[in-house]
Amino acid sequence: MPSTSGERSDYFLRNVFLLKNGDFEIINGQVHMPTNGEIATIRTRTEQYQKHIQFHASMSSDVVKEKLEETFPYLKNKG
């Protein structure tokens, strides 16, 4: 857990929102993000948003990937 005592901690928390392929459109080769209303619906009706995921400054990209796959099982075996 991040320190609250004022000492420096290399741990930090992030809120993460996962967009799946069907959550956005590609029109003429350009990605069109969902509207704020669509994002709000995705956040409340699915488990694609998780608060306070803990990361560490020294985590490798592979460890970050594992952490995200653990948090969002949808990502497993996606590449």
# chains A, B, ... in the order shown; residues from 1 in each chain; ligands from 1
>>> residues_around(residues="range 63-68 of chain A", least_positions_apart="5", cutoff="10 Å", atoms="only C-alpha atoms", output="MDAnalysis selection string")
chainID A and resid 16 18 53:56 58 73:76 79
>>> select_by_dssp(residues="chain A", states="helix (DSSP H, G or I)", output="list in words")
Asn21, Gly22, Asp23, Asn36, Gly37, Glu38, Ile39, Ala40, Thr41, Ile42, Arg43, Thr44, Arg45, Ser61, Asp62, Val63, Val64, Lys65, Glu66, Lys67, Leu68, Glu69, Glu70, Thr71, Pro73, Tyr74 and Leu75 of chain A
>>> write_last_selection(atoms="N, CA, C and O atoms", output="CSV table (one decimal), in the first residue's frame")
chain,number,residue,atom,x,y,z
A,21,ASN,N,-12.7,-4.3,-28.1
A,21,ASN,CA,-12.9,-4.0,-29.5
A,21,ASN,C,-14.2,-3.5,-29.9
A,21,ASN,O,-14.4,-2.6,-30.7
A,22,GLY,N,-15.3,-4.0,-29.3
A,22,GLY,CA,-16.6,-3.5,-29.7
A,22,GLY,C,-17.0,-2.2,-29.0
A,22,GLY,O,-18.1,-1.7,-29.3
A,23,ASP,N,-16.2,-1.6,-28.2
A,23,ASP,CA,-16.5,-0.4,-27.5
A,23,ASP,C,-16.2,0.9,-28.2
A,23,ASP,O,-16.5,2.0,-27.8
A,36,ASN,N,-18.9,10.1,-23.8
A,36,ASN,CA,-18.9,10.1,-22.3
A,36,ASN,C,-20.0,9.3,-21.7
A,36,ASN,O,-19.9,8.5,-20.8
A,37,GLY,N,-21.2,9.4,-22.4
A,37,GLY,CA,-22.4,8.6,-21.9
A,37,GLY,C,-22.1,7.1,-22.1
A,37,GLY,O,-22.5,6.3,-21.2
A,38,GLU,N,-21.6,6.7,-23.2
A,38,GLU,CA,-21.3,5.3,-23.5
A,38,GLU,C,-20.2,4.8,-22.5
A,38,GLU,O,-20.3,3.7,-22.0
A,39,ILE,N,-19.2,5.6,-22.2
A,39,ILE,CA,-18.2,5.2,-21.3
A,39,ILE,C,-18.8,5.0,-19.9
A,39,ILE,O,-18.5,4.1,-19.2
A,40,ALA,N,-19.7,5.9,-19.5
A,40,ALA,CA,-20.4,5.8,-18.2
A,40,ALA,C,-21.2,4.5,-18.1
A,40,ALA,O,-21.1,3.8,-17.1
A,41,THR,N,-21.8,4.2,-19.2
A,41,THR,CA,-22.6,2.9,-19.2
A,41,THR,C,-21.7,1.7,-19.1
A,41,THR,O,-22.0,0.8,-18.4
A,42,ILE,N,-20.6,1.7,-19.8
A,42,ILE,CA,-19.6,0.6,-19.8
A,42,ILE,C,-19.1,0.5,-18.4
A,42,ILE,O,-19.0,-0.6,-17.8
A,43,ARG,N,-18.8,1.6,-17.7
A,43,ARG,CA,-18.2,1.6,-16.4
A,43,ARG,C,-19.2,1.0,-15.4
A,43,ARG,O,-18.7,0.3,-14.5
A,44,THR,N,-20.4,1.3,-15.5
A,44,THR,CA,-21.4,0.9,-14.5
A,44,THR,C,-22.0,-0.5,-14.8
A,44,THR,O,-22.4,-1.2,-13.8
A,45,ARG,N,-22.0,-0.9,-16.0
A,45,ARG,CA,-22.6,-2.2,-16.3
A,45,ARG,C,-21.7,-3.4,-16.6
A,45,ARG,O,-22.1,-4.5,-16.8
A,61,SER,N,7.5,-4.3,-18.0
A,61,SER,CA,6.3,-4.4,-18.8
A,61,SER,C,5.6,-5.7,-18.8
A,61,SER,O,4.4,-5.8,-18.8
A,62,ASP,N,6.4,-6.8,-18.6
A,62,ASP,CA,5.8,-8.1,-18.5
A,62,ASP,C,5.0,-8.2,-17.2
A,62,ASP,O,3.9,-8.8,-17.2
A,63,VAL,N,5.5,-7.7,-16.1
A,63,VAL,CA,4.8,-7.7,-14.8
A,63,VAL,C,3.6,-6.9,-14.9
A,63,VAL,O,2.5,-7.3,-14.3
A,64,VAL,N,3.6,-5.7,-15.5
A,64,VAL,CA,2.4,-4.9,-15.7
A,64,VAL,C,1.4,-5.6,-16.5
A,64,VAL,O,0.2,-5.6,-16.1
A,65,LYS,N,1.8,-6.3,-17.5
A,65,LYS,CA,0.9,-7.1,-18.3
A,65,LYS,C,0.2,-8.1,-17.5
A,65,LYS,O,-1.0,-8.3,-17.6
A,66,GLU,N,1.0,-8.9,-16.7
A,66,GLU,CA,0.4,-9.9,-15.8
A,66,GLU,C,-0.6,-9.3,-14.8
A,66,GLU,O,-1.6,-9.9,-14.6
A,67,LYS,N,-0.2,-8.1,-14.3
A,67,LYS,CA,-1.1,-7.5,-13.3
A,67,LYS,C,-2.5,-7.1,-14.0
A,67,LYS,O,-3.5,-7.3,-13.4
A,68,LEU,N,-2.4,-6.6,-15.2
A,68,LEU,CA,-3.6,-6.2,-15.9
A,68,LEU,C,-4.4,-7.5,-16.3
A,68,LEU,O,-5.7,-7.5,-16.3
A,69,GLU,N,-3.7,-8.5,-16.7
A,69,GLU,CA,-4.4,-9.8,-17.1
A,69,GLU,C,-5.1,-10.4,-15.8
A,69,GLU,O,-6.2,-11.0,-15.9
A,70,GLU,N,-4.5,-10.2,-14.7
A,70,GLU,CA,-5.0,-10.7,-13.4
A,70,GLU,C,-6.3,-9.9,-13.1
A,70,GLU,O,-7.3,-10.4,-12.6
A,71,THR,N,-6.2,-8.6,-13.3
A,71,THR,CA,-7.3,-7.7,-13.0
A,71,THR,C,-8.5,-7.9,-14.0
A,71,THR,O,-9.7,-7.8,-13.7
A,73,PRO,N,-9.4,-10.5,-16.7
A,73,PRO,CA,-9.2,-11.8,-17.3
A,73,PRO,C,-9.4,-11.8,-18.8
A,73,PRO,O,-8.9,-12.7,-19.6
A,74,TYR,N,-10.3,-10.9,-19.3
A,74,TYR,CA,-10.5,-10.8,-20.8
A,74,TYR,C,-9.2,-10.7,-21.6
A,74,TYR,O,-9.1,-11.1,-22.7
A,75,LEU,N,-8.2,-10.1,-21.0
A,75,LEU,CA,-6.9,-9.8,-21.7
A,75,LEU,C,-6.0,-11.0,-21.8
A,75,LEU,O,-5.1,-11.0,-22.6
>>> closest_residue(among="A:Leu19, A:Leu13, A:Ile26, A:Val31", to="Ala57 in chain A", atoms="only C-alpha atoms")
A:Leu13
